[in-house]
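A.B. asks: To be precise about what I am sending: the file is called entry10.csv and holds CSV, C-alpha atoms and all ligand atoms.
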chain,number,residue,atom,x,y,z
A,1,MET,CA,47.1,6.0,10.8
A,2,GLN,CA,43.8,5.8,8.8
A,3,ALA,CA,44.4,2.1,8.1
A,4,PHE,CA,45.1,1.4,11.8
A,5,ARG,CA,42.0,3.5,12.8
A,6,SER,CA,39.8,1.5,10.5
A,7,LEU,CA,41.1,-1.7,12.0
A,8,ILE,CA,40.0,-0.7,15.5
A,9,ILE,CA,36.9,1.2,14.5
A,10,PRO,CA,35.0,-0.8,12.0
A,11,LYS,CA,32.7,1.1,9.5
A,12,TRP,CA,29.0,0.2,9.4
A,13,SER,CA,26.2,1.4,7.2
A,14,SER,CA,22.7,0.6,6.4
A,15,ASP,CA,20.2,1.9,3.8
A,16,VAL,CA,17.0,1.2,5.9
A,17,CYS,CA,14.4,3.9,5.4
A,18,LEU,CA,12.4,5.2,8.4
A,19,GLU,CA,9.8,7.2,6.6
A,20,GLY,CA,6.6,7.3,8.7
A,21,LYS,CA,8.4,6.5,11.9
A,22,THR,CA,8.9,8.7,15.0
A,23,ALA,CA,11.9,8.7,17.3
A,24,ILE,CA,12.8,10.6,20.5
A,25,VAL,CA,16.5,11.0,21.2
A,26,THR,CA,17.4,12.3,24.7
A,27,GLY,CA,20.5,14.5,25.0
A,28,ALA,CA,20.4,15.2,21.2
A,29,ASN,CA,21.9,18.6,21.2
A,30,THR,CA,25.5,17.3,21.0
A,31,GLY,CA,27.7,14.2,20.9
A,32,ILE,CA,26.4,10.8,20.2
A,33,GLY,CA,22.7,11.9,20.6
A,34,LYS,CA,23.0,14.6,17.9
A,35,GLU,CA,24.6,12.2,15.4
A,36,THR,CA,22.0,9.5,16.1
A,37,ALA,CA,19.2,12.1,15.6
A,38,LYS,CA,20.8,13.3,12.3
A,39,ASP,CA,21.2,9.8,11.0
A,40,LEU,CA,17.5,8.9,11.8
A,41,ALA,CA,16.3,12.2,10.2
A,42,GLY,CA,18.3,11.3,7.1
A,43,ARG,CA,16.4,8.1,6.9
A,44,GLY,CA,13.1,10.0,6.9
A,45,ALA,CA,12.0,9.6,10.5
A,46,ARG,CA,10.4,12.4,12.4
A,47,VAL,CA,12.9,13.0,15.3
A,48,ILE,CA,12.2,14.8,18.6
A,49,LEU,CA,15.4,16.2,20.1
A,50,ALA,CA,14.8,16.0,23.9
A,51,CYS,CA,17.1,18.6,25.3
A,52,ARG,CA,17.7,20.2,28.7
A,53,ASP,CA,18.8,23.5,27.2
A,54,MET,CA,16.3,24.7,24.5
A,55,ALA,CA,18.8,27.2,23.0
A,56,LYS,CA,21.2,24.3,22.4
A,57,GLY,CA,18.3,22.0,21.3
A,58,GLU,CA,17.0,24.5,18.7
A,59,GLN,CA,20.5,25.1,17.4
A,60,ALA,CA,21.0,21.4,17.0
A,61,ALA,CA,17.7,21.2,15.1
A,62,ARG,CA,18.8,24.0,12.8
A,63,ASP,CA,22.2,22.2,12.2
A,64,ILE,CA,20.5,19.0,11.3
A,65,MET,CA,18.0,20.7,9.0
A,66,ARG,CA,20.9,22.4,7.2
A,67,GLU,CA,22.8,19.2,6.7
A,68,VAL,CA,19.8,16.9,6.0
A,69,LYS,CA,17.5,18.1,3.2
A,70,GLY,CA,13.9,17.8,4.3
A,71,ALA,CA,14.7,16.7,7.9
A,72,LYS,CA,11.7,16.5,10.2
A,73,VAL,CA,13.3,17.4,13.5
A,74,VAL,CA,11.9,19.4,16.4
A,75,ALA,CA,13.5,20.3,19.8
A,76,ARG,CA,11.6,19.9,23.0
A,77,GLN,CA,12.5,20.7,26.6
A,78,LEU,CA,13.4,17.8,28.9
A,79,ASP,CA,15.5,17.9,32.0
A,80,LEU,CA,16.0,14.4,33.2
A,81,ALA,CA,17.1,15.7,36.6
A,82,ASP,CA,13.6,17.0,37.3
A,83,THR,CA,10.6,14.6,37.4
A,84,LYS,CA,8.2,17.6,36.8
A,85,SER,CA,10.1,18.4,33.6
A,86,ILE,CA,9.8,14.7,32.5
A,87,CYS,CA,6.1,14.7,33.2
A,88,LEU,CA,5.6,17.9,31.1
A,89,PHE,CA,7.7,16.5,28.3
A,90,ALA,CA,5.7,13.3,28.2
A,91,GLU,CA,2.4,15.2,28.3
A,92,ASN,CA,3.5,17.3,25.4
A,93,ILE,CA,4.4,14.2,23.4
A,94,TYR,CA,1.0,12.7,24.0
A,95,ASN,CA,-0.6,16.0,22.9
A,96,THR,CA,1.4,16.2,19.7
A,97,GLU,CA,2.4,12.8,18.5
A,98,LYS,CA,0.2,10.0,17.2
A,99,ALA,CA,3.0,7.4,17.5
A,100,LEU,CA,6.4,6.7,19.0
A,101,HIS,CA,8.5,3.9,17.4
A,102,TYR,CA,11.9,4.5,18.9
A,103,LEU,CA,12.8,5.9,22.3
A,104,ILE,CA,16.6,6.4,22.5
A,105,ASN,CA,17.6,7.1,26.1
A,106,ASN,CA,21.0,8.6,25.3
A,107,ALA,CA,21.5,11.6,27.6
A,108,GLY,CA,24.1,11.2,30.3
A,109,VAL,CA,26.2,12.9,32.8
A,110,ALA,CA,29.6,11.4,33.6
A,111,ILE,CA,32.0,11.4,36.5
A,112,CYS,CA,30.9,14.7,37.9
A,113,PRO,CA,31.4,16.1,41.4
A,114,TYR,CA,28.7,15.3,43.9
A,115,SER,CA,25.4,17.0,43.2
A,116,ILE,CA,21.7,16.1,43.4
A,117,THR,CA,18.7,16.3,41.1
A,118,VAL,CA,15.7,18.6,41.7
A,119,ASP,CA,14.1,15.5,43.4
A,120,GLY,CA,17.1,14.9,45.6
A,121,TYR,CA,18.8,11.9,43.9
A,122,GLU,CA,22.6,11.8,43.2
A,123,MET,CA,23.0,13.3,39.7
A,124,GLN,CA,24.4,10.4,37.8
A,125,PHE,CA,22.0,7.8,39.2
A,126,GLY,CA,19.1,10.4,39.0
A,127,VAL,CA,19.7,11.4,35.3
A,128,ASN,CA,21.2,8.4,33.7
A,129,HIS,CA,19.0,5.8,35.3
A,130,LEU,CA,16.0,7.2,37.2
A,131,GLY,CA,15.2,9.9,34.7
A,132,HIS,CA,15.2,7.5,31.8
A,133,PHE,CA,13.3,4.9,33.8
A,134,PHE,CA,10.5,7.4,34.5
A,135,LEU,CA,10.5,8.7,31.0
A,136,THR,CA,10.1,5.2,29.6
A,137,PHE,CA,7.3,4.5,32.1
A,138,LEU,CA,5.4,7.6,31.0
A,139,LEU,CA,5.8,6.9,27.3
A,140,LEU,CA,5.1,3.2,27.4
A,141,ASP,CA,1.4,3.5,26.4
A,142,LEU,CA,2.4,5.3,23.2
A,143,LEU,CA,5.2,2.8,22.5
A,144,LYS,CA,2.7,0.0,23.0
A,145,HIS,CA,0.2,1.7,20.8
A,146,SER,CA,2.9,2.1,18.1
A,147,ALA,CA,4.2,-1.5,18.3
A,148,PRO,CA,6.5,-2.8,17.0
A,149,SER,CA,8.6,-0.3,18.9
A,150,ARG,CA,11.9,-0.1,20.6
A,151,VAL,CA,13.6,1.4,23.6
A,152,ILE,CA,17.4,1.8,23.4
A,153,ASN,CA,19.3,2.6,26.6
A,154,VAL,CA,22.8,4.0,26.1
A,155,SER,CA,25.0,2.4,28.6
A,156,SER,CA,28.8,2.0,28.7
A,157,ALA,CA,31.6,-0.5,29.1
A,158,ALA,CA,32.0,1.3,32.5
A,159,HIS,CA,29.0,-0.8,33.6
A,160,ALA,CA,31.4,-3.6,34.2
A,161,MET,CA,33.0,-1.7,37.1
A,162,GLY,CA,29.6,-1.0,38.6
A,163,LYS,CA,27.7,-2.4,41.6
A,164,ILE,CA,24.2,-1.4,42.6
A,165,GLN,CA,24.8,0.0,46.1
A,166,PHE,CA,21.3,-0.6,47.4
A,167,ASP,CA,22.3,0.6,50.9
A,168,ASP,CA,23.7,3.9,49.4
A,169,LEU,CA,22.2,4.4,46.0
A,170,ASN,CA,22.7,8.2,46.3
A,171,GLY,CA,26.3,8.0,47.5
A,172,GLU,CA,25.4,9.9,50.7
A,173,LYS,CA,27.7,7.7,52.8
A,174,ASP,CA,30.6,7.5,50.4
A,175,TYR,CA,30.6,9.2,47.0
A,176,HIS,CA,33.1,8.5,44.3
A,177,PRO,CA,32.3,10.0,40.8
A,178,VAL,CA,33.6,7.0,38.8
A,179,ARG,CA,31.8,4.5,41.0
A,180,ALA,CA,28.5,6.5,40.7
A,181,TYR,CA,28.8,6.6,36.9
A,182,ALA,CA,29.5,2.9,36.7
A,183,GLN,CA,26.5,2.2,39.0
A,184,SER,CA,24.3,4.3,36.7
A,185,LYS,CA,25.5,2.5,33.5
A,186,LEU,CA,25.0,-0.9,35.1
A,187,ALA,CA,21.5,0.2,36.0
A,188,ASN,CA,20.9,1.0,32.3
A,189,VAL,CA,21.8,-2.6,31.4
A,190,LEU,CA,19.7,-4.1,34.2
A,191,PHE,CA,16.7,-1.9,33.4
A,192,THR,CA,16.9,-3.0,29.8
A,193,ARG,CA,16.9,-6.7,30.7
A,194,GLU,CA,13.9,-6.4,33.0
A,195,LEU,CA,12.0,-4.0,30.6
A,196,ALA,CA,12.5,-6.5,27.8
A,197,LYS,CA,10.9,-9.3,29.8
A,198,ARG,CA,7.9,-7.2,30.7
A,199,THR,CA,7.2,-5.6,27.3
A,200,GLU,CA,8.2,-8.2,24.6
A,201,VAL,CA,4.6,-9.5,24.7
A,202,LEU,CA,3.4,-6.0,24.0
A,203,GLY,CA,5.6,-5.6,20.9
A,204,VAL,CA,8.1,-3.3,22.6
A,205,THR,CA,11.7,-4.5,22.6
A,206,ALA,CA,14.6,-3.1,24.5
A,207,TYR,CA,18.4,-3.0,23.9
A,208,SER,CA,21.3,-1.6,25.8
A,209,VAL,CA,24.3,-0.1,24.0
A,210,ASP,CA,27.9,0.5,24.7
A,211,PRO,CA,28.9,3.2,22.1
A,212,GLY,CA,32.7,2.7,22.7
A,213,ILE,CA,35.1,5.5,23.6
A,214,VAL,CA,33.8,8.5,21.8
A,215,ASN,CA,35.2,12.0,21.4
A,216,THR,CA,32.4,14.1,22.8
A,217,GLU,CA,31.7,16.6,25.6
A,218,ILE,CA,31.3,13.7,28.0
A,219,THR,CA,34.7,14.6,29.6
A,220,ARG,CA,33.4,18.1,30.7
A,221,HIS,CA,33.2,17.2,34.4
A,222,MET,CA,36.3,15.0,34.5
A,223,ARG,CA,39.4,16.2,36.4
A,224,ARG,CA,42.5,17.2,34.5
A,225,PRO,CA,44.6,14.0,34.0
A,226,LEU,CA,41.6,12.0,32.8
A,227,ALA,CA,40.3,14.6,30.5
A,228,ASP,CA,43.8,15.3,29.1
A,229,ILE,CA,44.5,11.7,28.4
A,230,ALA,CA,41.2,11.4,26.6
A,231,LYS,CA,42.1,14.5,24.5
A,232,ALA,CA,45.6,13.3,23.7
A,233,PHE,CA,44.3,10.0,22.3
A,234,SER,CA,41.2,11.6,20.6
A,235,PHE,CA,42.6,10.6,17.1
A,236,LEU,CA,42.3,7.0,18.1
A,237,ILE,CA,38.8,7.1,19.6
A,238,LYS,CA,35.5,7.2,17.8
A,239,THR,CA,34.0,10.3,16.3
A,240,PRO,CA,30.5,11.1,17.5
A,241,ALA,CA,29.1,9.8,14.2
A,242,GLU,CA,31.0,6.5,14.7
A,243,GLY,CA,29.9,6.5,18.3
A,244,ALA,CA,26.3,6.6,17.1
A,245,TYR,CA,26.6,3.4,14.9
A,246,THR,CA,25.4,0.9,17.5
A,247,ASN,CA,22.4,3.1,18.5
A,248,ILE,CA,21.4,3.3,14.8
A,249,TYR,CA,22.1,-0.5,14.3
A,250,CYS,CA,19.7,-1.3,17.2
A,251,THR,CA,17.1,1.1,15.6
A,252,VAL,CA,17.2,-0.2,12.0
A,253,THR,CA,18.1,-3.9,12.3
A,254,PRO,CA,15.1,-6.2,11.8
A,255,GLU,CA,13.8,-7.4,15.2
A,256,ASN,CA,14.3,-11.1,14.4
A,257,GLN,CA,18.0,-10.4,14.0
A,258,LEU,CA,18.2,-8.7,17.5
A,259,LEU,CA,17.9,-10.1,21.0
A,260,THR,CA,15.5,-8.1,23.1
A,261,GLY,CA,17.1,-7.3,26.5
A,262,GLY,CA,20.5,-7.7,24.9
A,263,TYR,CA,23.7,-5.7,25.3
A,264,TYR,CA,25.1,-4.4,22.0
A,265,LYS,CA,28.5,-3.0,21.1
A,266,ASP,CA,30.3,-2.4,17.8
A,267,CYS,CA,27.0,-3.2,16.0
A,268,ALA,CA,26.8,-6.7,17.4
A,269,CYS,CA,25.3,-8.5,20.4
A,270,ALA,CA,27.9,-8.8,23.2
A,271,GLU,CA,28.1,-10.1,26.7
A,272,SER,CA,27.6,-7.6,29.5
A,273,SER,CA,29.4,-8.2,32.8
A,274,TRP,CA,28.1,-10.9,35.2
A,275,ALA,CA,26.5,-8.1,37.2
A,276,GLY,CA,24.7,-7.0,34.1
A,277,GLN,CA,23.2,-10.4,33.7
A,278,ASP,CA,22.0,-10.7,37.3
A,279,ASP,CA,18.2,-10.9,37.0
A,280,GLY,CA,17.7,-10.8,40.8
A,281,THR,CA,19.5,-7.5,41.0
A,282,ALA,CA,17.5,-6.2,37.9
A,283,LEU,CA,14.2,-7.1,39.6
A,284,LYS,CA,15.3,-5.5,42.9
A,285,LEU,CA,16.5,-2.3,41.1
A,286,TRP,CA,13.1,-2.2,39.3
A,287,ALA,CA,11.2,-2.3,42.6
A,288,VAL,CA,13.5,0.3,44.2
A,289,SER,CA,13.2,2.6,41.2
A,290,CYS,CA,9.4,2.4,41.3
A,291,HIS,CA,9.4,3.0,45.0
A,292,LEU,CA,11.6,6.1,44.7
A,293,LEU,CA,9.5,7.5,41.9
A,294,GLY,CA,6.2,6.5,43.5
A,295,ILE,CA,5.0,4.6,40.4
A,296,ARG,CA,3.5,1.2,39.6
A,297,TRP,CA,4.0,-0.5,36.3
A,298,ARG,CA,1.0,-2.4,35.3
B,1,LIG,N1,31.6,9.5,24.9
B,1,LIG,C1,31.9,8.3,25.4
B,1,LIG,O1,33.1,7.9,25.3
B,1,LIG,C2,30.9,7.4,26.0
B,1,LIG,C3,31.3,6.1,26.3
B,1,LIG,C4,30.4,5.3,26.9
B,1,LIG,C5,29.1,5.7,27.0
B,1,LIG,N2,28.7,7.0,26.7
B,1,LIG,C6,27.3,7.4,26.9
B,1,LIG,O2,26.8,7.9,25.7
B,1,LIG,C7,25.7,8.8,26.0
B,1,LIG,C8,25.9,10.1,25.3
B,1,LIG,O3,27.1,10.8,25.8
B,1,LIG,P1,28.0,11.7,24.9
B,1,LIG,O4,29.4,11.0,24.9
B,1,LIG,O5,27.4,12.1,23.6
B,1,LIG,O6,28.2,12.9,25.9
B,1,LIG,P2,27.9,14.5,25.7
B,1,LIG,O7,28.5,15.0,24.5
B,1,LIG,O8,28.3,15.1,27.0
B,1,LIG,O9,26.3,14.5,25.6
B,1,LIG,C9,25.4,14.3,26.7
B,1,LIG,C10,24.1,14.8,26.5
B,1,LIG,O10,23.2,14.5,27.6
B,1,LIG,C11,22.6,15.7,27.9
B,1,LIG,N3,22.2,15.7,29.4
B,1,LIG,C12,23.0,15.7,30.4
B,1,LIG,N4,22.2,15.9,31.6
B,1,LIG,C13,20.9,16.0,31.2
B,1,LIG,C14,19.7,16.2,31.8
B,1,LIG,N5,19.6,16.4,33.1
B,1,LIG,N6,18.6,16.3,31.1
B,1,LIG,C15,18.6,16.1,29.8
B,1,LIG,N7,19.7,16.0,29.1
B,1,LIG,C16,20.9,15.9,29.8
B,1,LIG,C17,23.5,16.8,27.6
B,1,LIG,O11,22.9,18.0,27.6
B,1,LIG,P3,23.7,19.4,27.8
B,1,LIG,O12,24.6,19.6,26.6
B,1,LIG,O13,22.6,20.5,28.0
B,1,LIG,O14,24.5,19.2,29.0
B,1,LIG,C18,24.0,16.3,26.2
B,1,LIG,O15,23.0,16.6,25.3
B,1,LIG,C19,25.7,9.0,27.6
B,1,LIG,O16,24.7,8.2,28.1
B,1,LIG,C20,27.1,8.4,28.0
B,1,LIG,O17,27.1,7.9,29.3
B,1,LIG,C21,29.6,7.8,26.2
Before anything else, please render the file you have as structure tokens.
Ligand SMILES: NC(=O)c1ccc[n+]([C@@H]2O[C@H](COP(=O)([O-])OP(=O)(O)OC[C@H]3O[C@@H](n4cnc5c(N)ncnc54)[C@H](OP(=O)(O)O)[C@@H]3O)[C@@H](O)[C@H]2O)c1
C.D. replies:
Amino acid sequence: MQAFRSLIIPKWSSDVCLEGKTAIVTGANTGIGKETAKDLAGRGARVILACRDMAKGEQAARDIMREVKGAKVVARQLDLADTKSICLFAENIYNTEKALHYLINNAGVAICPYSITVDGYEMQFGVNHLGHFFLTFLLLDLLKHSAPSRVINVSSAAHAMGKIQFDDLNGEKDYHPVRAYAQSKLANVLFTRELAKRTEVLGVTAYSVDPGIVNTEITRHMRRPLADIAKAFSFLIKTPAEGAYTNIYCTVTPENQLLTGGYYKDCACAESSWAGQDDGTALKLWAVSCHLLGIRWR
């Protein structure tokens, strides 16, 4: 079984040191985010765990400090479903951090029943896309100031089933949990492409990542058959540490070996779906997102 597993889940490692670097990982209290944060802390980076629930965030920071000797980790409150919380988080970062080299937009909510964010957006579109879009907008000055720096947006293979429903972004006319998740993950890929074009000249590069199928709490909202199937095959799917490989790969690999705006899976550049390569849709989504958030990127 182990041999079969290692065939389908290749191992990856790197000894790059990140001493002197600062990273933010959203949704770092559990799953892929926590493992990504732990790995970066082990490389010497200062890591900010951006978590919705501070009790969980502080517990994760304690866990990492126990496992990684000398880890420089701190938990900060961030609810991506609330633009006020995103503003407060960013303000706090500007007040406390001199630099930001890696912004890892990892947090996500998947395949949940219909609900809306504090600002009234459908939860998966609001958290997975709009929340991270806004956070990146607010932190861009610090990323620019710290260049070379990177933004890593955690997407999913599910993006390939996605379509940006411009006439019903919030699923008010017709909500389907899987469709809404796929739309939000396609939005991650399109945001990355457009961001990369705009920020490469500033020394800020961007990558989207498919972590693979990973045994985390992501199934928490899924209905019985789907969640049960995922659990039954959990021995065949990636552990959270394995699910973090491509996030870490995109963080530590030298820039000249990566393609800014690219889509990465299994620690290599991959092809996203056709919809994920549609620059017209990426531009339109960018404009709509700015409009919804009432912001203007310079
Ligand atoms: N697991 C997979 O098979 C898989 C496959 C493809 C892509 N992904 C992507 O990988 C990323 C990480 O997922 P995971 O598998 O590690 O799932 P997870 O274990 O459920 O972790 C998700 C994280 O996101 C946080 N989060 C959710 N809503 C938030 C909000 N409003 N504000 C701030 N944080 C919020 C959660 O915080 P709480 O604990 O407080 O809820 C948690 O820390 C997601 O973007 C997901 O779409 C996962």
A.B. asks: Grab the atom CA of Val118 of chain A to atom CA of Thr83 of chain A distance for me, in Å with one decimal place.
C.D. replies: 7.8 Å
A.B. asks: What is the atom CA of Lys72 of chain A-atom CA of His101 of chain A distance in Å, reported with one decimal?
C.D. replies: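 Going from atom CA of Lys72 of chain A over to atom CA of His101 of chain A, I get 14.9 Å.
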A.B. asks: Neighbours of ligand LIG 1 (chain B) at 6 Å or closer, counting only C-alpha atoms and all ligand atoms: which residues, as an MDAnalysis selection string?
C.D. replies: chainID A and resid 27:33 51:53 78:81 106:109 127 154:156 210:218
A.B. asks: How big is the axis-aligned box, and where does its centre sit, when it encloses all atoms of segment 15-25 of chain A listed in the file and has 5 Å added on every side, reported in Å to one decimal as lines of an AutoDock Vina configuration file?
C.D. replies:
center_x = 13.4
center_y = 6.1
center_z = 12.5
size_x = 23.6
size_y = 19.8
size_z = 27.4
A.B. asks: Kindly assemble as JSON lines a list of the segment 163-278 of chain A residues that lie within 7 Å of segment 130-144 of chain A, each paired with its nearest atom pair and their distance in Å to one decimal, using only C-alpha atoms, sorted first by chain and then by ascending residue number.
C.D. replies:
{"residue": "A:Leu202", "atom": "CA", "partner": "A:Lys144", "partner_atom": "CA", "distance": 6.1}
{"residue": "A:Gly203", "atom": "CA", "partner": "A:Lys144", "partner_atom": "CA", "distance": 6.6}
{"residue": "A:Val204", "atom": "CA", "partner": "A:Lys144", "partner_atom": "CA", "distance": 6.3}
A.B. asks: What's the 6 Å shell around Tyr181 of chain A, counting only C-alpha atoms, without same-chain residues fewer than 5 positions away, as a count of residues only?
C.D. replies: 3
A.B. asks: By how many Å are atom CA of Leu236 of chain A and atom CA of Arg220 of chain A apart?
C.D. replies: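 Interatomic distance here is 19.0 Å.
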A.B. asks: Go through A:Glu271, A:His291, A:Thr246, A:Leu283 and flag the residue nearest Ile9 of chain A, using all atoms listed in the file for the distances.
C.D. replies: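 Closest candidate: A:Thr246.
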